[in-house]
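A.B. asks: Here you go, this is work_37.cif (mmCIF, C-alpha atoms and all ligand atoms).
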data_my_file
#
loop_
_atom_site.label_atom_id
_atom_site.label_comp_id
_atom_site.auth_asym_id
_atom_site.auth_seq_id
_atom_site.Cartn_x
_atom_site.Cartn_y
_atom_site.Cartn_z
CA MET H 1 35.66 93.47 21.47
CA PRO H 2 36.37 89.88 22.60
CA HIS H 3 38.45 88.25 19.85
CA LEU H 4 40.00 84.80 20.25
CA LEU H 5 43.21 85.06 18.20
CA SER H 6 45.53 83.44 20.76
CA ILE H 7 45.11 81.30 23.86
CA LEU H 8 46.35 84.39 25.72
CA ASP H 9 43.09 86.17 24.83
CA VAL H 10 41.15 83.80 27.09
CA ARG H 11 43.71 83.48 29.88
CA ASN H 12 41.38 84.99 32.50
CA ASP H 13 38.42 82.81 31.49
CA PHE H 14 40.23 79.68 30.32
CA GLU H 15 38.85 77.30 32.93
CA LYS H 16 35.43 78.97 32.90
CA ILE H 17 35.11 78.19 29.16
CA ILE H 18 36.24 74.60 29.73
CA ASP H 19 33.80 74.13 32.62
CA ASP H 20 30.92 75.53 30.57
CA ALA H 21 31.75 73.11 27.73
CA ILE H 22 31.84 70.16 30.17
CA ASN H 23 28.58 71.32 31.73
CA MET H 24 26.76 71.64 28.37
CA LYS H 25 27.97 68.18 27.36
CA LYS H 26 26.64 66.69 30.62
CA ASN H 27 23.52 68.70 31.31
CA GLY H 28 22.35 70.23 28.04
CA TYR H 29 22.27 73.82 26.76
CA GLU H 30 20.00 76.66 25.75
CA LYS H 31 19.71 78.34 22.36
CA VAL H 32 21.41 81.52 23.52
CA LEU H 33 22.64 82.52 20.03
CA LYS H 34 19.21 82.40 18.38
CA ASP H 35 19.27 84.07 14.93
CA LYS H 36 22.96 84.98 15.21
CA ILE H 37 25.11 84.36 12.12
CA LEU H 38 28.65 82.96 12.03
CA ALA H 39 30.76 83.54 8.89
CA MET H 40 33.57 80.98 8.52
CA ILE H 41 36.41 81.75 6.11
CA PHE H 42 38.63 78.78 5.24
CA GLU H 43 41.94 79.24 3.39
CA LYS H 44 42.93 75.66 4.26
CA SER H 45 41.16 72.28 4.43
CA SER H 46 39.20 71.21 7.49
CA THR H 47 37.03 68.37 8.71
CA ARG H 48 36.72 68.90 12.47
CA THR H 49 36.85 72.69 12.74
CA ARG H 50 34.30 73.24 10.00
CA ILE H 51 31.79 70.59 11.08
CA SER H 52 32.12 71.22 14.82
CA PHE H 53 31.58 74.98 14.37
CA GLU H 54 28.59 74.33 12.09
CA ALA H 55 27.07 71.90 14.61
CA ALA H 56 27.87 74.17 17.58
CA MET H 57 26.28 77.23 15.99
CA GLN H 58 23.12 75.32 15.04
CA LYS H 59 22.80 73.77 18.50
CA LEU H 60 22.89 77.27 20.02
CA GLY H 61 20.12 78.43 17.66
CA GLY H 62 22.36 80.32 15.24
CA TYR H 63 23.32 79.90 11.62
CA PRO H 64 26.80 79.17 10.19
CA ILE H 65 27.96 80.17 6.68
CA PHE H 66 30.91 78.31 5.15
CA LEU H 67 33.10 80.51 2.94
CA SER H 68 35.96 78.88 1.09
CA LYS H 69 38.55 81.56 0.26
CA ASN H 70 38.43 80.65 -3.40
CA ASP H 71 34.68 81.11 -3.60
CA ILE H 72 34.73 84.66 -2.24
CA GLN H 73 36.44 87.75 -3.66
CA LEU H 74 39.24 87.46 -1.06
CA GLY H 75 40.64 84.72 -3.29
CA ARG H 76 40.74 87.15 -6.23
CA GLY H 77 42.54 89.91 -4.39
CA GLU H 78 39.90 91.81 -2.41
CA THR H 79 41.62 93.05 0.73
CA ILE H 80 41.26 91.53 4.18
CA GLU H 81 40.32 94.99 5.44
CA ASP H 82 37.35 95.30 3.06
CA THR H 83 36.30 91.68 3.65
CA ALA H 84 36.23 92.31 7.41
CA LYS H 85 34.23 95.52 7.01
CA VAL H 86 31.66 93.90 4.70
CA LEU H 87 31.19 90.72 6.76
CA SER H 88 30.73 92.89 9.87
CA ARG H 89 27.60 94.41 8.24
CA TYR H 90 25.89 91.03 7.64
CA THR H 91 27.00 88.64 10.35
CA ASP H 92 27.69 88.52 14.11
CA ILE H 93 30.92 86.49 14.43
CA ILE H 94 33.76 85.60 12.02
CA MET H 95 35.80 82.41 12.29
CA TYR H 96 38.94 82.45 10.14
CA ARG H 97 41.35 79.62 9.21
CA ALA H 98 44.35 81.39 7.73
CA TYR H 99 47.83 80.75 6.44
CA SER H 100 49.23 83.75 8.26
CA HIS H 101 48.72 85.10 11.77
CA LYS H 102 49.41 88.58 10.36
CA ASN H 103 46.27 88.29 8.23
CA MET H 104 44.33 87.01 11.26
CA VAL H 105 45.28 90.15 13.20
CA GLU H 106 44.48 92.35 10.18
CA LEU H 107 41.00 90.82 9.92
CA ALA H 108 40.33 91.37 13.62
CA LYS H 109 41.63 94.94 13.46
CA ASN H 110 39.13 95.81 10.74
CA SER H 111 36.16 93.88 12.05
CA SER H 112 33.48 95.36 14.27
CA ILE H 113 32.37 91.86 15.33
CA PRO H 114 34.35 89.16 17.22
CA VAL H 115 36.92 87.11 15.29
CA ILE H 116 37.85 83.53 16.24
CA ASN H 117 41.12 81.95 15.09
CA GLY H 118 40.27 78.55 13.57
CA LEU H 119 44.01 77.84 13.09
CA ASP H 120 46.85 79.82 11.56
CA ASP H 121 50.62 79.38 11.30
CA GLU H 122 51.16 80.50 14.91
CA GLU H 123 48.29 79.07 16.98
CA HIS H 124 45.30 76.74 17.13
CA PRO H 125 43.48 78.03 20.23
CA CYS H 126 40.08 76.35 19.67
CA GLN H 127 41.74 72.94 19.44
CA VAL H 128 43.70 73.47 22.61
CA ILE H 129 40.62 74.59 24.58
CA ALA H 130 38.98 71.28 23.51
CA ASP H 131 42.18 69.42 24.47
CA PHE H 132 42.27 70.88 27.98
CA MET H 133 38.54 70.16 28.34
CA THR H 134 39.37 66.52 27.47
CA ILE H 135 42.23 66.44 29.98
CA LYS H 136 39.96 67.82 32.71
CA GLU H 137 37.26 65.23 31.89
CA LYS H 138 39.75 62.36 31.96
CA LYS H 139 41.91 63.45 34.90
CA GLY H 140 39.31 65.27 37.00
CA ASN H 141 41.32 68.50 37.15
CA LEU H 142 44.22 70.29 35.51
CA LYS H 143 46.44 70.27 38.59
CA LYS H 144 49.83 68.61 39.04
CA LEU H 145 49.94 67.17 35.56
CA LYS H 146 52.85 66.63 33.22
CA MET H 147 52.37 66.85 29.46
CA VAL H 148 54.98 65.66 26.98
CA TYR H 149 54.64 66.76 23.35
CA PHE H 150 56.60 64.87 20.66
CA GLY H 151 57.34 66.17 17.17
CA ASP H 152 57.25 69.63 15.60
CA GLY H 153 57.93 71.92 18.57
CA ASP H 154 57.46 75.10 16.56
CA ASN H 155 54.03 74.64 15.00
CA ASN H 156 50.63 76.09 15.88
CA MET H 157 49.69 73.19 18.20
CA ALA H 158 52.98 73.27 20.12
CA HIS H 159 52.66 77.05 20.64
CA SER H 160 49.06 76.96 21.87
CA LEU H 161 49.74 73.94 24.11
CA MET H 162 52.73 75.72 25.67
CA LEU H 163 50.65 78.80 26.47
CA ALA H 164 47.67 76.81 27.76
CA SER H 165 49.95 74.71 29.97
CA ALA H 166 51.51 77.84 31.42
CA ILE H 167 48.07 79.33 32.14
CA SER H 168 46.93 76.08 33.81
CA ASN H 169 50.17 75.32 35.70
CA ILE H 170 50.67 72.10 33.77
CA GLU H 171 54.33 71.14 33.48
CA MET H 172 55.20 70.80 29.82
CA LYS H 173 58.02 69.17 27.93
CA ILE H 174 58.68 69.40 24.20
CA VAL H 175 60.66 66.57 22.63
CA SER H 176 61.75 67.68 19.20
CA PRO H 177 64.79 67.79 16.88
CA LYS H 178 66.74 70.99 17.67
CA LYS H 179 65.84 72.59 14.33
CA TYR H 180 62.15 72.45 15.35
CA TRP H 181 62.40 73.79 18.89
CA PRO H 182 59.90 76.56 19.67
CA LYS H 183 60.74 80.18 18.86
CA GLN H 184 62.24 82.20 21.71
CA ASP H 185 59.11 84.44 21.77
CA TYR H 186 56.97 81.54 23.00
CA ILE H 187 59.51 80.49 25.62
CA GLU H 188 59.50 84.10 26.87
CA MET H 189 55.67 84.16 26.94
CA VAL H 190 55.66 80.97 29.03
CA ARG H 191 58.18 82.51 31.44
CA LYS H 192 56.06 85.64 31.79
CA LEU H 193 53.10 83.45 32.75
CA ASP H 194 55.29 81.71 35.38
CA GLY H 195 54.96 78.50 33.38
CA LYS H 196 57.41 75.65 33.09
CA VAL H 197 58.55 74.21 29.76
CA GLU H 198 61.47 71.86 29.21
CA ILE H 199 62.78 71.28 25.71
CA GLU H 200 64.92 68.34 24.68
CA GLU H 201 65.79 65.98 21.84
CA MET H 202 64.54 62.38 21.82
CA ASN H 203 65.94 60.19 24.61
CA ASP H 204 65.04 56.99 26.48
CA GLU H 205 63.49 58.87 29.40
CA ALA H 206 61.49 61.33 27.28
CA SER H 207 58.02 60.14 28.36
CA LYS H 208 58.90 59.32 31.98
CA GLU H 209 56.30 60.55 34.54
CA ALA H 210 54.02 61.86 31.76
CA ASP H 211 50.27 62.05 32.44
CA VAL H 212 49.53 63.23 28.92
CA ILE H 213 51.41 62.34 25.73
CA VAL H 214 50.63 64.52 22.70
CA THR H 215 51.79 64.70 19.13
CA ASP H 216 50.79 66.36 15.87
CA THR H 217 51.64 65.99 12.20
CA TRP H 218 55.27 66.58 11.20
CA VAL H 219 54.04 68.41 8.08
CA SER H 220 51.53 71.13 8.90
CA MET H 221 49.39 72.76 6.24
CA GLY H 222 51.67 75.23 4.49
CA ASN H 223 54.80 73.06 4.99
CA GLU H 224 54.02 70.58 2.20
CA SER H 225 57.07 71.55 0.11
CA GLU H 226 59.32 70.41 3.04
CA LYS H 227 57.58 67.06 3.43
CA GLN H 228 60.48 64.79 2.39
CA VAL H 229 63.06 66.72 4.44
CA ARG H 230 60.80 66.75 7.48
CA ILE H 231 60.08 63.02 7.31
CA LYS H 232 63.86 62.43 7.41
CA GLU H 233 64.52 64.93 10.17
CA PHE H 234 61.71 63.65 12.43
CA ASN H 235 62.81 60.04 12.02
CA GLY H 236 62.93 58.52 15.54
CA TYR H 237 60.23 60.81 16.99
CA THR H 238 57.24 58.52 16.36
CA VAL H 239 55.07 57.94 19.45
CA THR H 240 55.19 54.17 19.86
CA GLU H 241 53.89 51.67 22.42
CA GLU H 242 57.38 51.69 23.98
CA ILE H 243 57.08 55.45 24.62
CA MET H 244 53.58 54.95 26.11
CA GLU H 245 54.86 52.15 28.39
CA LYS H 246 57.47 54.46 29.90
CA ALA H 247 54.85 57.09 30.80
CA LYS H 248 52.58 56.80 33.88
CA PRO H 249 50.32 53.71 33.66
CA ASP H 250 47.22 55.91 33.39
CA ALA H 251 48.72 58.30 30.84
CA ILE H 252 46.46 59.36 27.99
CA PHE H 253 47.43 59.80 24.34
CA MET H 254 46.19 62.88 22.46
CA HIS H 255 46.34 64.09 18.84
CA CYS H 256 44.32 66.93 17.31
CA LEU H 257 43.92 64.93 14.06
CA PRO H 258 44.29 64.43 11.16
CA ALA H 259 46.92 61.78 12.02
CA TYR H 260 49.43 60.17 9.67
CA TYR H 261 50.01 56.66 11.01
CA GLY H 262 53.55 55.36 10.94
CA TYR H 263 54.95 58.90 11.07
CA GLU H 264 54.17 60.94 14.21
CA VAL H 265 52.33 58.01 15.88
CA THR H 266 51.67 54.33 15.27
CA LYS H 267 48.10 53.24 14.61
CA GLU H 268 48.40 50.86 17.63
CA VAL H 269 48.91 53.82 19.97
CA ALA H 270 46.41 56.14 18.29
CA HIS H 271 43.67 53.50 18.37
CA GLY H 272 44.92 51.87 21.58
CA LYS H 273 43.34 51.78 25.04
CA GLN H 274 45.13 54.90 26.31
CA SER H 275 44.10 57.01 23.35
CA VAL H 276 41.41 59.70 23.75
CA ILE H 277 41.62 61.09 20.20
CA PHE H 278 37.94 60.65 19.35
CA ASP H 279 36.75 62.19 22.64
CA GLU H 280 39.06 65.07 21.79
CA ALA H 281 37.45 65.38 18.34
CA GLU H 282 33.94 65.30 19.86
CA ASN H 283 34.94 67.91 22.42
CA ARG H 284 35.76 70.37 19.63
CA MET H 285 31.99 70.84 19.30
CA TRP H 286 31.29 71.40 23.02
CA ALA H 287 34.31 73.68 23.34
CA GLN H 288 33.25 75.62 20.25
CA MET H 289 29.81 76.20 21.83
CA ALA H 290 31.45 77.67 24.92
CA ILE H 291 33.83 79.78 22.78
CA LEU H 292 30.92 81.15 20.70
CA LYS H 293 29.12 82.06 23.93
CA TRP H 294 32.30 83.70 25.30
CA VAL H 295 32.82 85.96 22.28
CA MET H 296 29.12 86.94 22.37
CA LYS H 297 29.33 87.69 26.12
CA LYS H 298 26.77 84.99 26.91
CA LEU H 299 28.96 82.96 29.24
N1 LIG Z 301 42.07 69.34 14.43
C1 LIG Z 301 41.61 70.10 13.41
O1 LIG Z 301 41.62 71.33 13.44
O2 LIG Z 301 41.12 69.37 12.37
P1 LIG Z 301 40.61 69.93 10.97
O3 LIG Z 301 41.83 70.41 10.21
O4 LIG Z 301 39.96 68.77 10.32
O5 LIG Z 301 39.68 71.07 11.21
N1 LIG Z 302 49.60 71.52 12.87
C1 LIG Z 302 48.54 71.06 12.01
C2 LIG Z 302 47.24 71.02 12.73
C3 LIG Z 302 46.09 70.49 11.91
C4 LIG Z 302 44.77 70.56 12.62
C5 LIG Z 302 48.46 71.95 10.78
O1 LIG Z 302 48.59 73.17 10.92
O2 LIG Z 302 48.28 71.44 9.67
#
Can you dump the structure from the file as structure tokens?
Ligand code: CP
Ligand code: NVA

C.D. replies:
Amino acid sequence: MPHLLSILDVRNDFEKIIDDAINMKKNGYEKVLKDKILAMIFEKSSTRTRISFEAAMQKLGGYPIFLSKNDIQLGRGETIEDTAKVLSRYTDIIMYRAYSHKNMVELAKNSSIPVINGLDDEEHPCQVIADFMTIKEKKGNLKKLKMVYFGDGDNNMAHSLMLASAISNIEMKIVSPKKYWPKQDYIEMVRKLDGKVEIEEMNDEASKEADVIVTDTWVSMGNESEKQVRIKEFNGYTVTEEIMEKAKPDAIFMHCLPAYYGYEVTKEVAHGKQSVIFDEAENRMWAQMAILKWVMKKL
């Protein structure tokens, strides 16, 4: 059963999925998921993931159903196991945005149809597939590139970017306050993939030689109670024009969005000439189409 719970689940087909997404964007697509149904369970808010999955499914001829956790019995205590078993009888694919990766795995374990991780506390694989698609479009290939990620080094985006970089042989650096360095498990996973990740605190040379500069919110969904502490602890880690100027002249700026201007990035950088944030957002839809095809063995 092809589930996409982690970037590692697509490691053998990573570039194939990206190339299919680029190809559909350029040359069009066929309705290969005609009459298939996608159930989407959201425990957290979403703009991009929800709309891009809805658009992707409709473009491929299928039908998406949006299920907010509080509108279904899951929100009143029905188990994940029973929810998975019931949805498997009506629909063909489940996309789940969850607070906990443990629940994501539990849903997949009890589902007889493919499950796609639409973000949890450990990973955001769909976003990172769209991000690498964007890098390939902008840079022509994924070879010999250096990515520098600023901010929360231990959140879902940092984890999935580390794994995707290792799979693609992109050199990665995480620039983060020590308290927010990635968990040892992820560093080990990168090593096992023969990947390269450097981790350091903010310094004057942090963005030197970077082809890609990335950041994400300092306060992920689920961390709201730590907001004031985090804003203090991440002080000095904002991606500014000065950081962009020290990178390669053709470096691109990426952010999965939503962005909080003045915190992890200035509005000048995010809306500046090196920024590709809205291409990245658009590419969620093309990448989602390729992911839906992959889980349905239509790629
Ligand atoms: N980047 C992303 O996943 O955005 P949403 O939270 O709006 O889905
Ligand atoms: N790290 C962020 C990503 C949002 C798309 C979060 O989990 O809130």

A.B. asks: When you draw a straight line from CA of Thr83 in chain H to CA of Asn70 in chain H, how long is it in Å?

C.D. replies: 13.3 Å

A.B. asks: Tell me which of H:Lys34, H:Arg11, H:Arg284, H:Arg230 sits closest to ligand LIG 301 (chain Z), counting all atoms listed in the file.

C.D. replies: H:Arg284

A.B. asks: Take CA of Ser168 in chain H and CA of Leu142 in chain H and report the distance between them in Å, one decimal.

C.D. replies: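 Atom-to-atom, CA of Ser168 in chain H and CA of Leu142 in chain H are spaced 6.6 Å apart.
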
A.B. asks: Between CA of Ile243 in chain H and CA of Ala270 in chain H, what is the distance in Å, rounded to a tenth?

C.D. replies: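 For CA of Ile243 in chain H relative to CA of Ala270 in chain H, the distance reads 12.4 Å.
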
A.B. asks: How big is the axis-aligned box around the listed atoms of ligand LIG 302 (chain Z) once 5 Å is added on each side, and where is its centre? Give both in Å to one decimal, as AutoDock Vina command-line options.

C.D. replies:
--center_x 47.2 --center_y 71.8 --center_z 11.3 --size_x 14.8 --size_y 12.7 --size_z 13.2

A.B. asks: Using only C-alpha atoms, which residues sit within 12 Å of Ser112 in chain H once same-chain residues fewer than 3 positions away are excluded, as a count of residues only?

C.D. replies: 21

A.B. asks: Near Ala281 in chain H, counting all atoms listed in the file, which residues have an atom at most 12 Å away, once you skip same-chain residues fewer than 2 positions from it, shown as a PyMOL selection string?

C.D. replies: chain H and resi 47-53+126-131+133-134+254-259+275-279+283-288

A.B. asks: Ranking H:Glu209, H:Glu242, H:Asp121, H:Asp19 by minimum distance to ligand LIG 302 (chain Z) and counting all atoms listed in the file, which one comes first?

C.D. replies: H:Asp121

A.B. asks: If you take all atoms listed in the file and a cut-off of 9 Å, which residues of chain H touch ligand LIG 302 (chain Z), and what are their nearest atom pairs and distances in Å to one decimal, in chain and number order, as a tab-separated table?

C.D. replies:
residue	atom	partner	partner_atom	distance
H:Lys44	CA	Z:LIG302	O2	8.7
H:Ser45	CA	Z:LIG302	O2	8.9
H:Ser46	CA	Z:LIG302	C4	7.6
H:Thr47	CA	Z:LIG302	C4	8.9
H:Arg48	CA	Z:LIG302	C4	8.2
H:Thr49	CA	Z:LIG302	C4	8.2
H:Tyr99	CA	Z:LIG302	O1	8.8
H:Leu119	CA	Z:LIG302	O1	6.9
H:Asp120	CA	Z:LIG302	O1	6.9
H:Asp121	CA	Z:LIG302	O1	6.5
H:Glu122	CA	Z:LIG302	O1	8.7
H:Glu123	CA	Z:LIG302	O1	8.5
H:His124	CA	Z:LIG302	C2	7.5
H:Gln127	CA	Z:LIG302	C4	7.8
H:Asp152	CA	Z:LIG302	N1	8.3
H:Asn155	CA	Z:LIG302	N1	5.8
H:Asn156	CA	Z:LIG302	N1	5.6
H:Met157	CA	Z:LIG302	N1	5.6
H:Ala158	CA	Z:LIG302	N1	8.2
H:Asp216	CA	Z:LIG302	N1	6.1
H:Thr217	CA	Z:LIG302	N1	5.9
H:Trp218	CA	Z:LIG302	N1	7.7
H:Val219	CA	Z:LIG302	O2	6.7
H:Ser220	CA	Z:LIG302	O2	3.4
H:Met221	CA	Z:LIG302	O2	3.8
H:Gly222	CA	Z:LIG302	O2	7.3
H:Asn223	CA	Z:LIG302	O2	8.2
H:Cys256	CA	Z:LIG302	C4	5.9
H:Leu257	CA	Z:LIG302	C4	5.9
H:Pro258	CA	Z:LIG302	C4	6.3
H:Ala259	CA	Z:LIG302	C3	8.8

A.B. asks: Hey, which of H:Ala56, H:Ile135, H:Val197, H:Ile113 ends up closest to Tyr29 in chain H? Count all atoms listed in the file.

C.D. replies: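 Of the candidates, the smallest distance to Tyr29 in chain H is held by H:Ala56.
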
A.B. asks: Which residues are near Asp194 in chain H? Cut-off 10 Å, all atoms listed in the file, ignore same chain within fewer than 4 positions. Put them as a list in words.

C.D. replies: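 Everything that qualifies: Ala166, Ile167, Asn169, Glu188, Met189 and Val190 of chain H.
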
A.B. asks: Which residue gives the smallest distance to Ile170 in chain H among H:Lys298, H:Val212, H:Pro182, H:Met202, with all atoms listed in the file counted?

C.D. replies: H:Val212

A.B. asks: Can you pull out the residues contacting Thr266 in chain H? Cut-off 8 Å, using all atoms listed in the file, and skip same-chain residues under 2 positions away; I want them as a list in words.

C.D. replies: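 The residues satisfying every condition are Thr238, Val239, Thr240, Glu241, Tyr261, Gly262, Tyr263, Glu264, Glu268, Val269 and Ala270 of chain H.
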
A.B. asks: Pick out the residues sitting within 10 Å of Lys246 in chain H, and hand them over as a PyMOL selection string; count all atoms listed in the file, and ignore anything fewer than 5 positions along from it in its own chain.

C.D. replies: chain H and resi 204-210+241+251

A.B. asks: Could you tell me which of H:His271, H:His159, H:Arg97, H:Lys36 comes closest to ligand LIG 301 (chain Z) if we count all atoms listed in the file?

C.D. replies: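 Smallest separation from ligand LIG 301 (chain Z) among the options: H:Arg97.
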
A.B. asks: I need the residue nearest ligand LIG 301 (chain Z) from this list: H:Asp20, H:Glu15, H:Glu233, H:Glu43. Use only C-alpha atoms and all ligand atoms for the distance.

C.D. replies: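 Smallest distance to ligand LIG 301 (chain Z) is found for H:Glu43.
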